[in-house]
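Notes for the one structure printed next.
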Amino acid sequence: MRFSLVLSTKHRVQELERFLESLAAQTCADFELILVDQNTDDRLAELVKFYSQKFPVLHIKQTESGLSRARNQGLQHVKGELFGFPDDDCIYPADFLAKVSQFFNRDSAWGGLIINVLDLESDKEAMLHSPESAGVVDYDKGWIVGMTAALFFRSEFAFKVQFDEGMGPGTPWGGAEDVDYLYSCLDAGAKTYYDPEIVIRHPTPSKLYSISQSIQREYNHGRGAGFLMRKCKFPLSKVLWLVTNPLIFTPVFIFQGKVRAAICFPGISLGRAQGYLGNLKIHQKALP
C-alpha cells in the first residue's frame, strides 16, 4: 500500500535530515513525502535535492504561520492509499512502514491506526505518562494517544477531514489540534486501533527543552486542550477532572522523583482552564 507522508517543518535541518535518512532505509519503499516548508529561506534546498533522488518528494513552500494550516496544505496533495504526519525530528525504524501496511492489509474494516512513540535512545515512552494497552480507540483513549506523528489513516479521510486552523502551534490555542483531528476522523467513520507494539522514535521533550521552556510548552498545550474540551462540549464533570487532575498528581510525581514533570503540571491546569474559559468567551461573543 502506498503512503503519503505529510511533513511540516520550520527551522530544523539536522533533525529533518536524520528523519529523511530513516525514510531512505525503509524496507517498504512505496511512499511519497509531501514536505511543507515554512522556512522563509532556502535552507532545505540541498536536502530536498539529495533525497529526491532516493524517493518522491513534493516540496511545498508555505511561509504563512500555523502548523495546522501547513498540514491542511499537504493533505490536498495526498495520492497514496494511506497517509500520516511524521514530525521533522522523529525517526522511523526500517520496518515501520511495512508493519503499518501489513496492519491495514489484514483487515479492511480499520480506517485508522495509532502507533506508539518511544524515546530516540531508549525504550521508554517519549510522550505518554501512562502507556495505554492495545485496543479500539474511542474519545477517552484518543485523548491520551492522539499524537499527530502517531496517526495513520486511509486516504478517504484525507478528503473528509481537515485540521482546525484555529488550533495548534502558531495560534493562541497551542496544542490538542492532533486530538481534535483524531476526533474528527472518528466522527467521519474511521474505526481506529491503537497498537503500542508498532513504534517510531522521537526525542523526549524534557531532553530538548529547558525547565522554563518545558513549563511554557505544557501551558500552551494545556490551552489547546481546554479549547478542545469546550469545542467538543465535554461534560462539566469531565472538564473539572481534566483541569484539576495535573494538580492532584503533582505531589505524586514529586514523591516518585519525577520533579521536572511535576513542576509543569500547574501550568497544564492553568492552561486548560484558560483555554476552556477563553473558548467560552469566544462562543459568548458570537451569540446575537
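Order determines the names: the first chain of the C-alpha cells is A, the second B, and so forth; residues in each chain are numbered 1 upward, and ligands are numbered 1 upward as they are shown.
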Mind checking which residues fall within 8 Å of Gly135 in chain A, counting only C-alpha atoms, ignoring those fewer than 5 positions away in the same chain, and posting them as a list of chain:residue names?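 The residues satisfying every condition are A:Tyr193, A:Tyr194, A:Asp195.
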Could you write out the selected residues, including N, CA, C and O atoms, as a JSON list (two decimals), in the first residue's frame?
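Once everything was written out, this is again37.json:
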```json
[["chain", "number", "residue", "atom", "x", "y", "z"],
["A", 193, "TYR", "N", -7.56, 1.79, 15.59],
["A", 193, "TYR", "CA", -6.95, 0.86, 16.55],
["A", 193, "TYR", "C", -5.63, 1.43, 17.04],
["A", 193, "TYR", "O", -4.89, 2.07, 16.29],
["A", 194, "TYR", "N", -5.34, 1.19, 18.33],
["A", 194, "TYR", "CA", -4.05, 1.59, 18.90],
["A", 194, "TYR", "C", -3.21, 0.35, 19.13],
["A", 194, "TYR", "O", -3.63, -0.59, 19.80],
["A", 195, "ASP", "N", -2.00, 0.34, 18.54],
["A", 195, "ASP", "CA", -1.08, -0.79, 18.69],
["A", 195, "ASP", "C", 0.24, -0.28, 19.26],
["A", 195, "ASP", "O", 1.06, 0.30, 18.52]]
```
Could you give me, as a Markdown table, every range 72-169 of chain A residue with an atom at most 7 Å from range 9-25 of chain A, plus its closest atom pair and distance in Å to one decimal, counting only C-alpha atoms, rows ordered by chain then number?
```
| residue | atom | partner | partner_atom | distance |
| --- | --- | --- | --- | --- |
| A:Asp88 | CA | A:Leu16 | CA | 5.0 |
| A:Asp89 | CA | A:Glu15 | CA | 4.8 |
| A:Cys90 | CA | A:Phe19 | CA | 6.0 |
| A:Ile91 | CA | A:Phe19 | CA | 5.0 |
| A:Tyr92 | CA | A:Ser22 | CA | 5.6 |
| A:Pro93 | CA | A:Ser22 | CA | 6.8 |
| A:Ala94 | CA | A:Ala25 | CA | 5.6 |
```
Could you give me, as CSV, a per-residue list for range 120-210 of chain A showing, wherever an atom lies at most 12 Å from an atom of range 244-263 of chain A, the closest pair of atoms and their distance in Å to one decimal, using only C-alpha atoms and sorting by chain then residue number from low to high?
```
residue,atom,partner,partner_atom,distance
A:Met127,CA,A:Ala261,CA,11.7
A:Leu128,CA,A:Ala261,CA,11.8
A:His129,CA,A:Ala261,CA,9.5
A:Thr204,CA,A:Ala261,CA,11.7
A:Pro205,CA,A:Ala261,CA,10.3
A:Ser206,CA,A:Arg260,CA,7.9
A:Lys207,CA,A:Arg260,CA,10.8
A:Tyr209,CA,A:Arg260,CA,11.1
A:Ser210,CA,A:Arg260,CA,9.9
```
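Excluding range 268-281 of chain A itself and same-chain residues fewer than 6 positions from it, the residues having an atom within 7 Å of it are Trp173, Glu218, Tyr219, Asn220, Gly222, Arg223, Gly224, Ala225, Gly226, Phe227, Met229, Arg230, Val243, Thr244, Pro246 and Leu247 of chain A, counting only C-alpha atoms.
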* To do: Tell me, as a PyMOL selection string, which residues lie within 10 Å of range 78-81 of chain A, counting only C-alpha atoms; anything in the same chain fewer than 4 positions away does not count.
  => chain A and resi 1-6+30-34+73-74+101+104+153-156+158-159
Selected residue, from A:Thr192, A:Thr148, A:Ser65, A:Gln76, that lies nearest to Thr171 in chain A when counting only C-alpha atoms: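 Between A:Thr192, A:Thr148, A:Ser65, A:Gln76, the residue approaching Thr171 in chain A most closely is A:Ser65.
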Apply DSSP to the backbone of this structure and, from range 133-203 of chain A, keep only the residues in helix (DSSP H, G or I); write these as a list of chain:residue names.
A:Tyr139, A:Asp140, A:Lys141, A:Gly142, A:Trp143, A:Ile144, A:Val145, A:Thr148, A:Ala149, A:Ala150, A:Ser155, A:Glu156, A:Phe157, A:Ala158, A:Glu177, A:Asp178, A:Val179, A:Asp180, A:Tyr181, A:Leu182, A:Tyr183, A:Ser184, A:Cys185, A:Leu186, A:Asp187
